[in-house]
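Data block for start-v5.txt (compact mmCIF, C-alpha atoms):
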```txt
# COMPACT_ATOMS: atom_id res chain seq x y z
CA MET A 1 0.00 0.00 0.00
CA THR A 2 1.42 3.35 -1.02
CA GLN A 3 0.67 6.28 1.22
CA GLY A 4 2.05 9.73 1.90
CA THR A 5 0.95 11.78 -1.11
CA ASP A 6 -1.97 13.40 0.73
CA ALA A 7 -3.97 13.09 -2.51
CA ILE A 8 -7.23 11.19 -3.02
CA GLY A 9 -8.08 10.15 -6.57
CA LEU A 10 -11.43 10.44 -8.33
CA VAL A 11 -11.82 9.42 -11.97
CA LEU A 12 -15.03 10.32 -13.81
CA ALA A 13 -15.69 8.30 -16.95
CA ARG A 14 -18.14 10.61 -18.69
CA PRO A 15 -18.13 13.40 -21.28
CA ALA A 16 -16.40 16.44 -19.80
CA ARG A 17 -19.19 18.72 -21.06
CA MET A 18 -21.65 16.92 -18.76
CA LEU A 19 -19.82 18.26 -15.70
CA GLY A 20 -21.00 21.75 -16.61
CA LEU A 21 -24.59 20.64 -17.16
CA GLU A 22 -25.28 18.16 -14.38
CA PRO A 23 -24.79 19.57 -10.85
CA PHE A 24 -24.47 16.20 -9.06
CA PHE A 25 -20.73 15.66 -9.40
CA MET A 26 -19.78 19.28 -8.75
CA GLU A 27 -21.72 19.16 -5.48
CA LEU A 28 -20.20 15.79 -4.58
CA ILE A 29 -16.69 17.05 -5.31
CA GLY A 30 -17.34 20.17 -3.24
CA GLY A 31 -18.28 18.08 -0.20
CA ILE A 32 -15.27 15.79 -0.62
CA GLU A 33 -12.81 18.67 -1.07
CA GLU A 34 -14.16 20.60 1.89
CA THR A 35 -13.67 17.67 4.27
CA LEU A 36 -10.32 16.51 2.90
CA SER A 37 -8.84 20.00 3.17
CA VAL A 38 -9.44 20.04 6.91
CA ASP A 39 -7.12 17.01 7.12
CA GLY A 40 -4.53 18.61 4.85
CA ARG A 41 -5.43 16.42 1.88
CA SER A 42 -6.58 17.24 -1.64
CA LEU A 43 -8.65 15.65 -4.40
CA LEU A 44 -6.99 14.62 -7.66
CA LEU A 45 -9.73 14.69 -10.34
CA HIS A 46 -9.34 13.05 -13.74
CA VAL A 47 -12.05 13.02 -16.45
CA VAL A 48 -11.83 10.23 -19.05
CA PRO A 49 -14.13 8.92 -21.82
CA ASP A 50 -14.62 5.32 -20.63
CA HIS A 51 -13.75 2.62 -18.09
CA GLU A 52 -10.76 1.42 -20.11
CA ALA A 53 -9.17 4.85 -19.77
CA GLU A 54 -10.22 4.96 -16.11
CA ILE A 55 -8.43 1.68 -15.38
CA ALA A 56 -5.34 2.96 -17.20
CA ALA A 57 -5.39 6.00 -14.90
CA TYR A 58 -5.53 3.77 -11.82
CA ARG A 59 -2.55 1.77 -13.08
CA ARG A 60 -0.55 4.98 -13.59
CA TRP A 61 -1.49 6.22 -10.15
CA GLY A 62 -0.61 2.88 -8.57
CA ALA A 63 2.74 2.61 -10.35
CA GLY A 64 3.68 6.16 -9.42
CA GLY A 65 2.27 6.14 -5.89
CA MET A 66 0.33 9.24 -6.82
CA VAL A 67 -2.69 8.79 -4.54
CA ASP A 68 -3.31 7.42 -1.07
CA ALA A 69 -6.85 6.24 -1.88
CA VAL A 70 -9.49 6.29 -4.59
CA VAL A 71 -13.18 7.20 -4.60
CA LEU A 72 -15.04 4.92 -7.01
CA VAL A 73 -18.35 6.09 -8.49
CA ASN A 74 -20.97 4.73 -10.88
CA LEU A 75 -20.51 1.04 -10.13
CA VAL A 76 -21.51 -1.26 -12.99
CA VAL A 77 -22.65 -4.87 -12.86
CA ASP A 78 -19.59 -7.16 -12.41
CA ASP A 79 -17.43 -4.05 -12.25
CA PRO A 80 -13.87 -4.77 -13.50
CA ARG A 81 -12.47 -1.72 -11.73
CA LEU A 82 -12.82 -3.33 -8.31
CA ASP A 83 -10.44 -6.18 -9.19
CA VAL A 84 -7.91 -3.74 -10.62
CA LEU A 85 -7.93 -1.57 -7.50
CA ARG A 86 -7.53 -4.65 -5.30
CA GLU A 87 -4.62 -5.79 -7.48
CA LEU A 88 -3.00 -2.38 -7.11
CA ALA A 89 -3.71 -2.38 -3.34
CA ILE A 90 -5.12 1.14 -3.49
CA PRO A 91 -7.56 1.78 -0.60
CA THR A 92 -10.99 2.37 -2.12
CA VAL A 93 -14.30 3.93 -1.08
CA VAL A 94 -17.28 3.00 -3.28
CA VAL A 95 -20.12 5.52 -3.58
CA GLY A 96 -23.59 4.07 -4.13
CA GLY A 97 -24.22 0.69 -5.65
CA PRO A 98 -27.01 -1.81 -5.08
CA GLU A 99 -25.57 -3.60 -2.04
CA ARG A 100 -24.80 -2.55 1.49
CA ALA A 101 -21.32 -4.08 1.39
CA VAL A 102 -18.73 -4.57 -1.33
CA PRO A 103 -16.02 -7.02 -0.20
CA GLY A 104 -12.61 -5.47 0.45
CA VAL A 105 -13.57 -1.81 0.05
CA ALA A 106 -15.24 0.86 2.15
CA HIS A 107 -18.72 1.75 0.98
CA VAL A 108 -21.14 4.66 1.31
CA TRP A 109 -24.43 3.02 0.38
CA ILE A 110 -27.52 4.73 -1.06
CA ASP A 111 -30.90 3.00 -0.81
CA ASN A 112 -32.03 3.51 -4.41
CA ASP A 113 -34.58 0.72 -4.06
CA GLN A 114 -36.62 2.37 -1.30
CA ALA A 115 -36.27 5.83 -2.83
CA MET A 116 -37.75 4.60 -6.11
CA ARG A 117 -40.58 2.87 -4.29
CA ASP A 118 -41.31 6.16 -2.52
CA ALA A 119 -41.34 8.01 -5.86
CA VAL A 120 -43.75 5.53 -7.47
CA GLY A 121 -45.95 5.45 -4.37
CA TYR A 122 -46.21 9.24 -4.38
CA LEU A 123 -47.31 9.37 -8.03
CA VAL A 124 -49.77 6.51 -7.65
CA GLY A 125 -51.12 8.21 -4.54
CA LEU A 126 -51.91 11.24 -6.71
CA GLY A 127 -54.01 8.98 -8.93
CA HIS A 128 -51.65 8.16 -11.80
CA THR A 129 -52.25 4.72 -13.29
CA THR A 130 -49.64 4.73 -16.08
CA VAL A 131 -46.16 5.81 -14.97
CA GLY A 132 -43.06 6.18 -17.15
CA ARG A 133 -39.42 6.02 -16.14
CA VAL A 134 -36.46 7.49 -18.03
CA SER A 135 -33.43 5.70 -16.64
CA GLY A 136 -29.73 6.27 -16.79
CA PRO A 137 -27.52 3.80 -18.69
CA ARG A 138 -28.67 0.25 -17.98
CA ARG A 139 -25.13 -0.98 -17.27
CA LEU A 140 -24.97 1.08 -14.06
CA ALA A 141 -25.70 -0.86 -10.89
CA HIS A 142 -27.87 1.88 -9.41
CA THR A 143 -29.90 2.00 -12.65
CA VAL A 144 -30.53 -1.74 -12.33
CA ALA A 145 -31.63 -1.31 -8.71
CA ARG A 146 -33.94 1.62 -9.47
CA THR A 147 -35.50 -0.05 -12.50
CA ALA A 148 -36.16 -3.28 -10.61
CA ALA A 149 -37.79 -1.34 -7.77
CA PHE A 150 -39.83 0.72 -10.26
CA VAL A 151 -41.18 -2.38 -12.05
CA GLU A 152 -41.89 -4.22 -8.81
CA GLU A 153 -43.63 -1.28 -7.15
CA CYS A 154 -45.79 -0.55 -10.19
CA ALA A 155 -46.87 -4.22 -10.22
CA ALA A 156 -47.50 -4.23 -6.48
CA LEU A 157 -49.69 -1.12 -6.72
CA GLY A 158 -51.55 -2.36 -9.80
CA VAL A 159 -50.43 0.35 -12.24
CA HIS A 160 -48.75 0.15 -15.64
CA GLY A 161 -45.06 1.09 -15.73
CA VAL A 162 -42.90 1.62 -18.81
CA VAL A 163 -39.12 2.20 -18.88
CA VAL A 164 -37.04 4.01 -21.53
CA GLU A 165 -33.26 4.18 -21.25
CA GLY A 166 -31.41 7.51 -21.32
CA ASP A 167 -27.83 8.61 -20.67
CA TYR A 168 -28.36 11.68 -18.44
CA ALA A 169 -27.84 14.15 -21.31
CA GLU A 170 -30.41 16.66 -22.57
CA GLU A 171 -30.67 14.94 -25.95
CA SER A 172 -31.55 11.57 -24.46
CA GLY A 173 -34.13 13.18 -22.18
CA THR A 174 -35.74 14.78 -25.22
CA ARG A 175 -35.80 11.52 -27.17
CA ALA A 176 -37.15 9.52 -24.24
CA ALA A 177 -39.88 12.07 -23.47
CA ARG A 178 -40.98 12.07 -27.12
CA THR A 179 -41.04 8.28 -27.11
CA LEU A 180 -43.21 8.14 -23.99
CA LEU A 181 -45.51 11.09 -24.67
CA GLY A 182 -45.98 10.30 -28.36
CA ARG A 183 -47.16 6.73 -27.82
CA GLY A 184 -50.74 5.51 -27.59
CA GLY A 185 -51.89 5.63 -23.99
CA PRO A 186 -48.98 7.81 -22.81
CA PRO A 187 -48.03 7.90 -19.13
CA SER A 188 -49.59 10.67 -17.07
CA ALA A 189 -46.45 10.81 -14.90
CA ILE A 190 -42.74 10.26 -15.64
CA VAL A 191 -39.79 9.73 -13.28
CA PHE A 192 -36.36 10.79 -14.59
CA ASP A 193 -32.97 9.62 -13.35
CA ASN A 194 -31.56 13.15 -13.32
CA ASP A 195 -32.58 16.78 -13.48
CA VAL A 196 -31.22 17.51 -16.97
CA MET A 197 -33.41 14.88 -18.64
CA ALA A 198 -36.46 16.07 -16.69
CA LEU A 199 -35.82 19.65 -17.84
CA ALA A 200 -35.60 18.43 -21.43
CA ALA A 201 -38.99 16.77 -20.97
CA LEU A 202 -40.49 20.12 -19.96
CA GLY A 203 -39.51 21.41 -23.39
CA VAL A 204 -41.01 18.38 -25.12
CA ALA A 205 -44.29 18.79 -23.24
CA ASN A 206 -44.44 22.41 -24.37
CA GLU A 207 -43.79 21.39 -27.99
CA LEU A 208 -46.62 18.85 -27.78
CA ASN A 209 -48.97 21.42 -26.18
CA LEU A 210 -49.15 19.37 -23.00
CA ASP A 211 -49.62 21.18 -19.73
CA VAL A 212 -47.33 20.26 -16.82
CA PRO A 213 -48.70 19.03 -14.46
CA ARG A 214 -52.31 18.90 -15.72
CA ASP A 215 -51.53 16.60 -18.67
CA VAL A 216 -48.32 15.01 -17.43
CA SER A 217 -46.47 15.10 -14.11
CA LEU A 218 -42.64 15.15 -14.13
CA LEU A 219 -40.43 14.02 -11.24
CA ALA A 220 -36.63 14.44 -11.31
CA TRP A 221 -33.90 12.61 -9.40
CA ASP A 222 -31.31 14.55 -7.37
CA ASP A 223 -32.71 17.97 -6.59
CA SER A 224 -30.79 21.00 -7.84
CA ALA A 225 -31.09 24.70 -8.55
CA LEU A 226 -32.13 23.69 -12.07
CA CYS A 227 -35.20 21.98 -10.61
CA ARG A 228 -36.09 24.94 -8.42
CA LEU A 229 -35.70 27.49 -11.22
CA ALA A 230 -37.65 25.55 -13.86
CA HIS A 231 -41.18 26.61 -14.86
CA PRO A 232 -43.03 25.01 -13.30
CA PRO A 233 -40.51 24.08 -10.60
CA LEU A 234 -39.68 20.36 -10.81
CA SER A 235 -40.65 17.97 -8.07
CA ALA A 236 -37.61 15.88 -7.15
CA MET A 237 -36.17 13.05 -5.11
CA SER A 238 -33.80 15.20 -3.10
CA LEU A 239 -30.45 14.02 -1.77
CA ASP A 240 -28.06 16.43 -0.07
CA VAL A 241 -25.17 15.68 -2.45
CA HIS A 242 -22.74 18.05 -0.73
CA ALA A 243 -23.36 16.22 2.56
CA LEU A 244 -22.89 12.92 0.70
CA GLY A 245 -19.48 14.19 -0.43
CA THR A 246 -18.62 15.01 3.17
CA GLN A 247 -19.65 11.49 4.21
CA VAL A 248 -17.54 9.97 1.42
CA ALA A 249 -14.47 11.98 2.43
CA THR A 250 -14.95 10.97 6.06
CA ALA A 251 -15.05 7.31 4.97
CA VAL A 252 -11.78 7.85 3.07
CA LEU A 253 -10.07 9.42 6.09
CA ASN A 254 -11.31 6.65 8.40
CA LEU A 255 -10.10 3.98 5.97
CA LEU A 256 -6.64 5.53 5.77
CA ALA A 257 -6.47 5.91 9.54
CA SER A 258 -7.56 2.38 10.45
CA GLY A 259 -6.94 0.30 7.33
CA ARG A 260 -10.33 -1.34 7.90
CA PRO A 261 -13.09 -0.91 5.27
CA THR A 262 -16.48 -0.03 6.70
CA THR A 263 -19.97 0.54 5.31
CA SER A 264 -22.13 3.57 6.06
CA THR A 265 -25.54 4.54 4.70
CA ALA A 266 -26.35 7.90 3.16
CA PRO A 267 -29.62 9.57 4.22
CA LEU A 268 -32.56 8.31 2.18
CA PRO A 269 -33.49 10.67 -0.69
CA ARG A 270 -36.67 12.53 0.24
CA LEU A 271 -39.43 13.61 -2.07
CA VAL A 272 -39.83 17.36 -2.56
CA ALA A 273 -43.16 18.12 -4.25
CA ARG A 274 -43.30 21.21 -6.43
CA GLY A 275 -45.37 22.48 -9.33
CA SER A 276 -44.53 19.75 -11.85
CA THR A 277 -46.59 17.03 -10.15
CA ALA A 278 -50.32 16.92 -9.42
CA ARG A 279 -53.35 14.70 -9.71
CA PRO A 280 -53.96 13.74 -13.35
CA ALA A 281 -56.62 15.59 -15.28
CA ARG A 282 -59.84 13.62 -15.47
CA PRO A 283 -60.65 12.39 -18.98
CA ALA A 284 -63.42 14.25 -20.76
CA THR A 285 -66.82 12.57 -20.62
```
Starting from the file, give its structure as structure tokens.
Amino acid sequence: MTQGTDAIGLVLARPARMLGLEPFFMELIGGIEETLSVDGRSLLLHVVPDHEAEIAAYRRWGAGGMVDAVVLVNLVVDDPRLDVLRELAIPTVVVGGPERAVPGVAHVWIDNDQAMRDAVGYLVGLGHTTVGRVSGPRRLAHTVARTAAFVEECAALGVHGVVVEGDYAEESGTRAARTLLGRGGPPSAIVFDNDVMALAALGVANELNLDVPRDVSLLAWDDSALCRLAHPPLSAMSLDVHALGTQVATAVLNLLASGRPTTSTAPLPRLVARGSTARPARPAT
């Protein structure tokens, strides 16, 4: 194990332009940086196009002893990065994921399953009987967990659920909203896996002369200023992402101090109802 650089590594495998559009990672980084700086440590951020480049970065860091630990985000099913980080013996903190414990690494767990059930239950409680979901990429472990919970909760509550895959970008939100709202028997409510795609759907609804929320209710994931400033303001599953970053950094510091990986649970995302969700309009008789 190489220590002594006072740097913690974070690699983001995503288009760099998304960092300026999607607030989640900037808020997460802010919380991590704030807490690490108190301990005299800093965050080494690297943005790459894919997991292959991400793994190459870990190998460079390991060979050069450039970081004391790594924060791993956006776990995928059978994630190859975990084996590489174990091979390199770099202490690792995993953020999110579908399980409470990942063997050999520290873990800050987010209960995506229960949060999605809460989102579906809220919309069904308003009277919606056909609910859409625009997911993130299906390879992501948290997407798998949310989609499974969405399908199961819709079935348990006796409503029809339909899922369309997106990639968090505005363009995919637009395409997915057109797919859902342009079909026969469109959903009267849609849950989005991030705020950017939900905002894109507001534009699609306007193009189709659909009123939000009278004709369709929209619910975003991860509350942000974008949600609050939209017209109408977007209802959201709200997670204090800055506080999550603080929790992640604390897990890193504890791991480096003790050498023992632990699991902690982030606060459950809470539903914040705003002007984009309401009871569905009654069909004309």
Using all atoms of segment 168-173 of chain A that appear in the file, construct an axis-aligned enclosing box with 4 Å of padding on every side and provide its centre coordinates and edge lengths in Å, rounded to one decimal, as lines of an AutoDock Vina configuration file.
```
center_x = -31.0
center_y = 14.1
center_z = -22.2
size_x = 14.3
size_y = 13.1
size_z = 15.5
```
message: Would you pick out the contacts of Val131 of chain A at 8 Å or less, using all atoms listed in the file, so that residues sharing its chain but fewer than 2 positions from it are not included, and give the list as a list of chain:residue names?
response: A:Val120, A:Leu123, A:His128, A:Thr129, A:Arg133, A:Cys154, A:Val159, A:His160, A:Gly161, A:Val162, A:Pro187, A:Ser188, A:Ala189, A:Ile190, A:Val191
message: Can you pull out the residues contacting segment 224-226 of chain A? Cut-off 10 Å, using all atoms listed in the file, and skip same-chain residues under 6 positions away; I want them as a PyMOL selection string.
response: chain A and resi 21-24+27+194-196+198-199+233-234+236-241
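Across the structure, atom CA of Ala149 of chain A and atom CA of Ala230 of chain A are spaced 27.6 Å apart.
The set of protein, DNA and RNA residues with any counted atom at most 7 Å from (-36.5, 10.2, -3.8) (all atoms listed in the file) reads Ala115, Met116, Asp118, Ala119, Trp221, Ala236, Met237, Ser238, Pro269, Arg270 and Leu271 of chain A.
Our summary of the geometry notes that atom CA of Leu244 of chain A is positioned 10.0 Å from atom CA of Trp109 of chain A.
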Atom-to-atom span, atom CA of Pro280 of chain A and atom CA of Thr143 of chain A, Å: 26.8 Å
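Nearest to Ala69 of chain A of all the residues A:Ser135, A:Thr35, A:Thr147, A:Thr5 is A:Thr5, based on all atoms listed in the file.
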- prompt: Which residue, A:Ala156, A:Val108, A:Val95, A:Val216, has the smallest gap to Gly185 of chain A when you use only C-alpha atoms?
  reply: A:Val216
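Among the candidates A:Ala281, A:Ala257, A:Leu140, A:Val151, the one nearest to Gly121 of chain A when counting all atoms listed in the file is A:Val151.
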task: Considering only C-alpha atoms, return as a list in words whatever protein or nucleic-acid residues lie within 7 Å of Leu45 of chain A, sequence-local ones (same chain, fewer than 6 positions apart) excluded.
output: Gly9, Leu10 and Val11 of chain A
- prompt: Restricting the calculation to only C-alpha atoms, which member of A:Pro15, A:Gly158, A:Gly65, A:Gly31 is positioned closest to Pro49 of chain A?
  reply: A:Pro15
task: Mind checking which residues fall within 8 Å of segment 52-59 of chain A, counting all atoms listed in the file, ignoring those fewer than 6 positions away in the same chain, and posting them as a ChimeraX atom specification?
output: /A:11-13,81,84-85,88
Find the spatial neighbours of Ser217 of chain A, counting all atoms listed in the file, within a cut-off of 6 Å - ignore same-chain residues fewer than 4 positions away - and output them as a PDB file with C-alpha atoms, keeping the file's coordinate frame.
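See part-v3.pdb below for the written result:
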```pdb
ATOM      1  CA  ALA A 189     -46.450  10.810 -14.900  1.00  0.00           C
ATOM      2  CA  VAL A 212     -47.330  20.260 -16.820  1.00  0.00           C
ATOM      3  CA  PRO A 213     -48.700  19.030 -14.460  1.00  0.00           C
ATOM      4  CA  SER A 276     -44.530  19.750 -11.850  1.00  0.00           C
ATOM      5  CA  THR A 277     -46.590  17.030 -10.150  1.00  0.00           C
TER       6      THR A 277
END
```
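Taking only C-alpha atoms into account, Asp6 of chain A lies nearest to A:Leu43 out of the set A:Arg260, A:Leu43, A:Leu28, A:Phe150.
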Requested file, segment 267-283 of chain A restricted to N, CA and C atoms, as a compact mmCIF listing (two decimals), in the first residue's frame:
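For reference, decode-v2.txt as written:
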```
# COMPACT_ATOMS: atom_id res chain seq x y z
N PRO A 267 -28.20 9.31 3.95
CA PRO A 267 -29.62 9.57 4.22
C PRO A 267 -30.48 9.24 3.01
N LEU A 268 -31.67 8.69 3.26
CA LEU A 268 -32.56 8.31 2.18
C LEU A 268 -33.02 9.56 1.41
N PRO A 269 -32.94 9.54 0.07
CA PRO A 269 -33.49 10.67 -0.69
C PRO A 269 -34.95 10.92 -0.32
N ARG A 270 -35.30 12.19 -0.16
CA ARG A 270 -36.67 12.53 0.24
C ARG A 270 -37.38 13.23 -0.91
N LEU A 271 -38.66 13.02 -0.99
CA LEU A 271 -39.43 13.61 -2.07
C LEU A 271 -39.80 15.05 -1.76
N VAL A 272 -39.47 15.95 -2.67
CA VAL A 272 -39.83 17.36 -2.56
C VAL A 272 -40.85 17.66 -3.66
N ALA A 273 -42.09 17.88 -3.27
CA ALA A 273 -43.16 18.12 -4.25
C ALA A 273 -43.20 19.60 -4.61
N ARG A 274 -43.19 19.85 -5.92
CA ARG A 274 -43.30 21.21 -6.43
C ARG A 274 -44.38 21.25 -7.51
N GLY A 275 -44.28 22.24 -8.39
CA GLY A 275 -45.37 22.48 -9.33
C GLY A 275 -45.47 21.54 -10.50
N SER A 276 -44.50 20.63 -10.67
CA SER A 276 -44.53 19.75 -11.85
C SER A 276 -45.28 18.46 -11.63
N THR A 277 -45.81 18.24 -10.42
CA THR A 277 -46.59 17.03 -10.15
C THR A 277 -47.93 17.39 -9.52
N ALA A 278 -48.97 16.68 -9.94
CA ALA A 278 -50.32 16.92 -9.42
C ALA A 278 -51.17 15.72 -9.78
N ARG A 279 -52.40 15.76 -9.31
CA ARG A 279 -53.35 14.70 -9.71
C ARG A 279 -53.58 14.80 -11.21
N PRO A 280 -53.75 13.67 -11.91
CA PRO A 280 -53.96 13.74 -13.35
C PRO A 280 -55.32 14.36 -13.68
N ALA A 281 -55.35 15.02 -14.83
CA ALA A 281 -56.62 15.59 -15.28
C ALA A 281 -57.59 14.47 -15.57
N ARG A 282 -58.83 14.64 -15.20
CA ARG A 282 -59.84 13.62 -15.47
C ARG A 282 -60.18 13.61 -16.96
N PRO A 283 -60.30 12.43 -17.55
CA PRO A 283 -60.65 12.39 -18.98
C PRO A 283 -62.01 13.02 -19.23
```
